[in-house]
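So this one's coords22.txt, compact mmCIF, C-alpha atoms:
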```txt
# COMPACT_ATOMS: atom_id res chain seq x y z
CA MET A 26 34.48 57.94 66.96
CA GLN A 27 31.91 55.21 67.58
CA GLN A 28 32.25 51.80 65.93
CA ARG A 29 29.22 50.22 64.30
CA GLY A 30 28.75 46.50 63.81
CA PHE A 31 27.37 43.34 65.32
CA THR A 32 28.34 41.92 68.64
CA LEU A 33 29.73 38.42 68.87
CA ILE A 34 26.56 37.08 70.50
CA GLU A 35 24.40 38.45 67.66
CA LEU A 36 26.58 36.71 65.07
CA ILE A 37 26.43 33.42 66.97
CA ILE A 38 22.62 33.60 67.19
CA VAL A 39 22.36 34.20 63.42
CA ILE A 40 24.67 31.26 62.69
CA VAL A 41 22.65 28.96 65.00
CA ILE A 42 19.37 29.99 63.32
CA LEU A 43 20.86 29.36 59.85
CA GLY A 44 22.14 25.97 61.02
CA ILE A 45 18.70 24.97 62.30
CA LEU A 46 17.09 26.02 59.03
CA ALA A 47 19.67 24.08 57.03
CA VAL A 48 19.19 20.91 59.08
CA THR A 49 15.41 20.97 58.72
CA ALA A 50 15.24 22.09 55.08
CA ALA A 51 18.08 20.08 53.52
CA PRO A 52 16.45 16.62 53.76
CA ARG A 53 13.37 17.90 51.95
CA PHE A 54 15.44 19.04 49.00
CA LEU A 55 18.08 16.33 49.11
CA ASP A 56 16.03 13.14 49.35
CA LEU A 57 18.36 10.80 47.52
CA THR A 58 16.67 7.51 48.47
CA ASP A 59 14.92 7.09 45.12
CA ASP A 60 18.13 7.88 43.25
CA ALA A 61 19.99 5.33 45.37
CA GLU A 62 17.38 2.63 44.63
CA SER A 63 17.56 3.41 40.91
CA ALA A 64 21.35 3.19 41.00
CA SER A 65 21.25 -0.10 42.89
CA ILE A 66 18.87 -1.59 40.29
CA ALA A 67 21.19 -0.41 37.51
CA GLY A 68 24.06 -2.07 39.40
CA ILE A 69 22.13 -5.35 39.75
CA ALA A 70 21.34 -5.27 36.02
CA GLY A 71 25.04 -4.78 35.28
CA ALA A 72 25.95 -7.70 37.55
CA VAL A 73 23.39 -9.93 35.81
CA ARG A 74 24.72 -8.97 32.38
CA SER A 75 28.31 -9.58 33.52
CA SER A 76 27.47 -13.00 34.97
CA SER A 77 25.71 -14.01 31.79
CA ASP A 78 28.61 -12.77 29.67
CA ILE A 79 31.19 -14.60 31.82
CA VAL A 80 29.34 -17.89 31.46
CA ARG A 81 28.87 -17.26 27.73
CA ALA A 82 32.59 -16.54 27.26
CA ALA A 83 33.58 -19.63 29.25
CA ALA A 84 31.18 -21.73 27.16
CA LEU A 85 32.70 -20.48 23.94
CA VAL A 86 36.17 -21.34 25.17
CA ALA A 87 35.39 -24.65 26.90
CA ARG A 88 32.58 -25.89 24.67
CA THR A 89 29.22 -27.30 25.74
CA GLY A 90 28.94 -29.94 28.45
CA THR A 91 31.59 -28.63 30.80
CA THR A 92 31.21 -26.98 34.19
CA VAL A 93 32.26 -23.38 34.77
CA ALA A 94 33.42 -22.49 38.29
CA LEU A 95 32.71 -18.96 39.51
CA ASP A 96 33.42 -17.52 42.97
CA ASP A 97 30.03 -18.47 44.37
CA GLY A 98 29.37 -21.82 42.73
CA SER A 99 29.73 -23.86 39.57
CA TYR A 100 27.45 -23.76 36.58
CA GLU A 101 26.77 -26.50 34.08
CA LEU A 102 26.88 -25.11 30.55
CA THR A 103 23.84 -25.81 28.44
CA ALA A 104 23.41 -26.22 24.72
CA ASP A 105 22.55 -22.54 24.27
CA ARG A 106 25.69 -21.55 26.23
CA TYR A 107 24.04 -18.92 28.42
CA LEU A 108 23.44 -18.64 32.14
CA GLU A 109 20.28 -20.49 33.14
CA ALA A 110 17.57 -18.34 34.72
CA GLY A 111 17.59 -20.44 37.87
CA GLU A 112 21.28 -19.60 38.39
CA VAL A 113 20.99 -15.83 38.00
CA CYS A 114 20.34 -14.89 41.63
CA LYS A 115 23.08 -17.23 42.81
CA SER A 116 25.59 -15.84 40.32
CA ILE A 117 25.22 -12.28 41.63
CA GLY A 118 25.18 -13.27 45.30
CA LEU A 119 21.44 -13.10 46.06
CA LEU A 120 21.23 -16.83 46.83
CA ALA A 121 23.51 -19.13 48.75
CA ALA A 122 26.20 -20.79 46.64
CA LYS A 123 24.58 -24.24 46.78
CA GLN A 124 20.99 -23.01 46.25
CA THR A 125 19.29 -22.82 42.86
CA ALA A 126 15.99 -21.07 42.23
CA THR A 127 13.19 -23.28 41.02
CA ALA A 128 9.61 -22.56 40.12
CA ALA A 129 8.53 -24.29 43.33
CA SER A 130 10.88 -22.35 45.60
CA ALA A 131 9.75 -19.27 47.44
CA PRO A 132 11.27 -15.98 46.34
CA SER A 133 14.62 -15.32 47.95
CA GLN A 134 14.94 -12.14 49.99
CA ASP A 135 18.68 -11.83 50.51
CA GLY A 136 20.57 -8.54 50.48
CA GLY A 137 17.45 -6.35 50.44
CA TYR A 138 16.17 -7.77 47.15
CA ASN A 139 13.40 -10.16 46.19
CA CYS A 140 14.54 -12.69 43.61
CA ALA A 141 11.56 -14.56 42.09
CA TYR A 142 11.90 -17.37 39.54
CA THR A 143 9.10 -18.49 37.22
CA HIS A 144 9.04 -21.07 34.48
CA GLY A 145 6.49 -21.05 31.70
CA THR A 146 5.82 -21.55 28.04
CA THR A 147 5.73 -18.76 25.47
CA ASP A 148 4.46 -19.61 21.99
CA GLY A 149 5.03 -23.31 22.67
CA GLU A 150 8.65 -22.79 23.77
CA ASP A 151 10.06 -23.07 27.29
CA SER A 152 10.96 -19.80 28.90
CA SER A 153 12.25 -19.11 32.41
CA THR A 154 12.16 -15.69 34.03
CA VAL A 155 13.87 -14.17 37.04
CA LEU A 156 12.48 -10.93 38.45
CA ILE A 157 14.68 -9.03 40.91
CA THR A 158 13.04 -6.21 42.88
CA PRO A 159 14.13 -4.21 45.95
CA LEU A 160 12.22 -4.96 49.15
CA ASN A 161 11.73 -1.33 50.15
CA VAL A 162 10.02 0.18 47.11
CA THR A 163 6.33 0.99 46.89
CA ASP A 164 5.75 -0.04 43.27
CA THR A 165 7.91 -2.94 42.08
CA SER A 166 6.49 -2.67 38.56
CA ASP A 167 8.62 0.46 38.13
CA CYS A 168 11.79 -0.81 39.81
CA PHE A 169 13.10 -4.19 38.66
CA VAL A 170 15.60 -6.27 36.71
CA GLN A 171 14.15 -9.05 34.58
CA TYR A 172 16.17 -11.92 33.10
CA VAL A 173 14.39 -14.07 30.52
CA ASP A 174 16.20 -17.28 29.59
CA ASN A 175 15.31 -17.79 25.94
CA ASP A 176 15.38 -21.48 25.22
CA ASN A 177 15.15 -22.49 21.56
CA ASP A 178 15.65 -18.95 20.25
CA THR A 179 12.34 -17.60 21.53
CA ASP A 180 13.78 -14.18 22.28
CA VAL A 181 13.06 -10.92 20.51
CA ALA A 182 16.46 -10.74 18.78
CA GLY A 183 16.28 -14.40 17.70
CA ASP A 184 19.86 -15.14 18.80
CA GLY A 185 19.15 -17.31 21.85
CA ALA A 186 20.69 -14.74 24.18
CA PRO A 187 18.80 -13.92 27.36
CA ASP A 188 16.74 -10.75 27.45
CA ILE A 189 17.83 -8.57 30.36
CA THR A 190 15.59 -5.58 30.99
CA GLN A 191 15.54 -3.04 33.77
CA ASN A 192 13.27 -0.25 34.93
CA THR A 193 14.85 2.23 37.32
CA THR A 194 11.90 4.49 38.13
CA CYS A 195 12.13 3.60 41.82
CA THR A 196 10.08 5.15 44.61
CA ALA A 197 11.26 4.08 48.04
CA SER A 198 8.69 3.44 50.73
```
Starting from the coordinates I provided, produce the structure as structure tokens.
Amino acid sequence: MQQRGFTLIELIIVIVILGILAVTAAPRFLDLTDDAESASIAGIAGAVRSSSDIVRAAALVARTGTTVALDDGSYELTADRYLEAGEVCKSIGLLAAKQTATAASAPSQDGGYNCAYTHGTTDGEDSSTVLITPLNVTDTSDCFVQYVDNDNDTDVAGDGAPDITQNTTCTAS
């Protein structure tokens, strides 16, 4: 009676060939870089919302004119009781604790993100904007977090709260 089957060397060769195919084909199907960038932008947006909410809650408890101390710096509460746009990047750790973004300052590039501050006027009202974008994406218009400090109730909802928008259609370079 003769046994039929594969020899051990034939099985090892097949396993090696399958391993080589898996190593070369898997990255093409499992490119998770864009998903990771999108998730990081969603995380930054959550951190911005949380910082703004913490300062808002502290303002409601302490009243206007006091200083709120957070882990990375202290923030003077304003009449509208929301986080100022110039403090956003500092509050989520993208600027040094003692540094505040101003319209004249160059965009900060800490932690793999560009944090740009602009100040302008919309419909005769002051409005400050912070735009946070990753450094390694090809099109930053599709991958950003934007914080608009709505002074004098110039926001869409009309409640004086900042507008925080995000776009997570990221394409890594």
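Minimum atom-to-atom distance to Asp174 (chain A), evaluated using all atoms listed in the file, belongs to A:Val113 out of A:Ile45, A:Ile157, A:Val113, A:Val80.
When only C-alpha atoms are used to compute distances to His144 (chain A), the closest of the residues A:Leu119, A:Val173, A:Arg53, A:Leu160 turns out to be A:Val173.
The residue set within 10 Å of Ala197 (chain A), counting all atoms listed in the file and dropping same-chain residues fewer than 2 places from it, reads Leu57, Thr58, Asp59, Asp60, Ala61, Glu62, Ser63, Pro159, Leu160, Asn161, Val162, Thr163, Asp164, Thr165, Cys168, Thr194 and Cys195 of chain A.
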inquiry  = I'd like the interatomic distance between CA of Ser153 (chain A) and CA of Glu109 (chain A), to a tenth of an Å.
reply    = 8.2 Å
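Using all atoms listed in the file, the smallest distance between any of A:Ala72, A:Thr32, A:Ala141, A:Val86 and Ala110 (chain A) comes from A:Ala141.
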note = Taken to one decimal, the CA of Val170 (chain A)-CA of Leu55 (chain A) distance is 25.9 Å
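Here CA of Ile40 (chain A) and CA of Asp56 (chain A) stand 24.1 Å from one another.
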task = Choose the residue, out of A:Asn175, A:Asn192, A:Gly137, A:Gly111, that has the smallest atom-to-atom separation from Val155 (chain A); count all atoms listed in the file.
result = A:Gly111
For region 38-80 of chain A of the block above, can you save N, CA and C atoms as a short mmCIF file (atom, residue, chain, number, x, y, z; two decimals), in the first residue's frame?
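As a result, decode_20.cif now contains:
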```cif
data_model
loop_
_atom_site.label_atom_id
_atom_site.label_comp_id
_atom_site.auth_asym_id
_atom_site.auth_seq_id
_atom_site.Cartn_x
_atom_site.Cartn_y
_atom_site.Cartn_z
N ILE A 38 7.39 25.13 1.04
CA ILE A 38 7.49 26.02 -0.12
C ILE A 38 6.16 26.72 -0.37
N VAL A 39 5.05 26.02 -0.26
CA VAL A 39 3.74 26.63 -0.45
C VAL A 39 3.48 27.69 0.62
N ILE A 40 3.83 27.40 1.86
CA ILE A 40 3.62 28.37 2.94
C ILE A 40 4.48 29.61 2.72
N VAL A 41 5.71 29.45 2.28
CA VAL A 41 6.59 30.60 2.01
C VAL A 41 6.03 31.44 0.89
N ILE A 42 5.55 30.81 -0.17
CA ILE A 42 4.96 31.57 -1.30
C ILE A 42 3.72 32.33 -0.85
N LEU A 43 2.86 31.70 -0.06
CA LEU A 43 1.68 32.40 0.46
C LEU A 43 2.08 33.56 1.37
N GLY A 44 3.11 33.39 2.17
CA GLY A 44 3.58 34.46 3.03
C GLY A 44 4.10 35.64 2.23
N ILE A 45 4.84 35.38 1.17
CA ILE A 45 5.35 36.46 0.32
C ILE A 45 4.20 37.20 -0.36
N LEU A 46 3.23 36.48 -0.84
CA LEU A 46 2.05 37.12 -1.45
C LEU A 46 1.30 37.97 -0.43
N ALA A 47 1.15 37.47 0.78
CA ALA A 47 0.43 38.22 1.81
C ALA A 47 1.17 39.50 2.18
N VAL A 48 2.49 39.43 2.28
CA VAL A 48 3.27 40.61 2.66
C VAL A 48 3.22 41.68 1.58
N THR A 49 3.21 41.28 0.33
CA THR A 49 3.20 42.28 -0.75
C THR A 49 1.79 42.78 -1.06
N ALA A 50 0.78 41.97 -0.87
CA ALA A 50 -0.58 42.37 -1.23
C ALA A 50 -1.32 43.07 -0.10
N ALA A 51 -1.03 42.74 1.14
CA ALA A 51 -1.78 43.30 2.27
C ALA A 51 -1.70 44.82 2.34
N PRO A 52 -0.54 45.45 2.19
CA PRO A 52 -0.52 46.92 2.29
C PRO A 52 -1.37 47.62 1.24
N ARG A 53 -1.52 47.00 0.09
CA ARG A 53 -2.36 47.62 -0.95
C ARG A 53 -3.82 47.63 -0.56
N PHE A 54 -4.26 46.64 0.16
CA PHE A 54 -5.65 46.54 0.55
C PHE A 54 -5.91 47.11 1.94
N LEU A 55 -4.87 47.27 2.72
CA LEU A 55 -5.04 47.71 4.10
C LEU A 55 -4.36 49.06 4.36
N ASP A 56 -4.40 49.97 3.41
CA ASP A 56 -3.82 51.28 3.63
C ASP A 56 -4.74 52.07 4.56
N LEU A 57 -4.33 52.18 5.80
CA LEU A 57 -5.15 52.80 6.82
C LEU A 57 -4.71 54.22 7.15
N THR A 58 -3.78 54.77 6.38
CA THR A 58 -3.25 56.10 6.68
C THR A 58 -4.33 57.16 6.62
N ASP A 59 -5.16 57.12 5.57
CA ASP A 59 -6.23 58.11 5.44
C ASP A 59 -7.23 58.00 6.57
N ASP A 60 -7.55 56.76 6.95
CA ASP A 60 -8.48 56.56 8.08
C ASP A 60 -7.88 57.08 9.37
N ALA A 61 -6.58 56.89 9.55
CA ALA A 61 -5.92 57.39 10.75
C ALA A 61 -5.93 58.91 10.79
N GLU A 62 -5.68 59.57 9.66
CA GLU A 62 -5.73 61.03 9.61
C GLU A 62 -7.14 61.54 9.91
N SER A 63 -8.14 60.88 9.35
CA SER A 63 -9.52 61.28 9.61
C SER A 63 -9.86 61.13 11.09
N ALA A 64 -9.41 60.04 11.68
CA ALA A 64 -9.67 59.82 13.11
C ALA A 64 -8.94 60.84 13.97
N SER A 65 -7.73 61.20 13.56
CA SER A 65 -6.99 62.20 14.36
C SER A 65 -7.66 63.57 14.28
N ILE A 66 -8.20 63.93 13.12
CA ILE A 66 -8.91 65.20 12.98
C ILE A 66 -10.19 65.18 13.83
N ALA A 67 -10.89 64.05 13.83
CA ALA A 67 -12.08 63.94 14.68
C ALA A 67 -11.69 64.06 16.15
N GLY A 68 -10.53 63.51 16.53
CA GLY A 68 -10.05 63.63 17.90
C GLY A 68 -9.69 65.06 18.26
N ILE A 69 -9.05 65.77 17.33
CA ILE A 69 -8.71 67.18 17.57
C ILE A 69 -9.99 68.00 17.73
N ALA A 70 -10.99 67.74 16.89
CA ALA A 70 -12.26 68.46 16.99
C ALA A 70 -12.90 68.20 18.35
N GLY A 71 -12.84 66.97 18.82
CA GLY A 71 -13.38 66.65 20.14
C GLY A 71 -12.64 67.37 21.25
N ALA A 72 -11.31 67.46 21.12
CA ALA A 72 -10.51 68.16 22.12
C ALA A 72 -10.84 69.65 22.13
N VAL A 73 -11.05 70.23 20.96
CA VAL A 73 -11.40 71.65 20.87
C VAL A 73 -12.76 71.90 21.51
N ARG A 74 -13.73 71.04 21.19
CA ARG A 74 -15.05 71.17 21.80
C ARG A 74 -14.99 71.04 23.32
N SER A 75 -14.21 70.07 23.79
CA SER A 75 -14.08 69.86 25.24
C SER A 75 -13.44 71.05 25.92
N SER A 76 -12.38 71.60 25.32
CA SER A 76 -11.72 72.78 25.90
C SER A 76 -12.68 73.95 25.98
N SER A 77 -13.42 74.16 24.92
CA SER A 77 -14.38 75.26 24.90
C SER A 77 -15.47 75.05 25.95
N ASP A 78 -15.93 73.82 26.08
CA ASP A 78 -16.97 73.51 27.07
C ASP A 78 -16.46 73.66 28.50
N ILE A 79 -15.19 73.28 28.75
CA ILE A 79 -14.62 73.41 30.09
C ILE A 79 -14.55 74.88 30.48
N VAL A 80 -14.07 75.71 29.57
CA VAL A 80 -13.97 77.14 29.87
C VAL A 80 -15.36 77.73 30.04
#
```
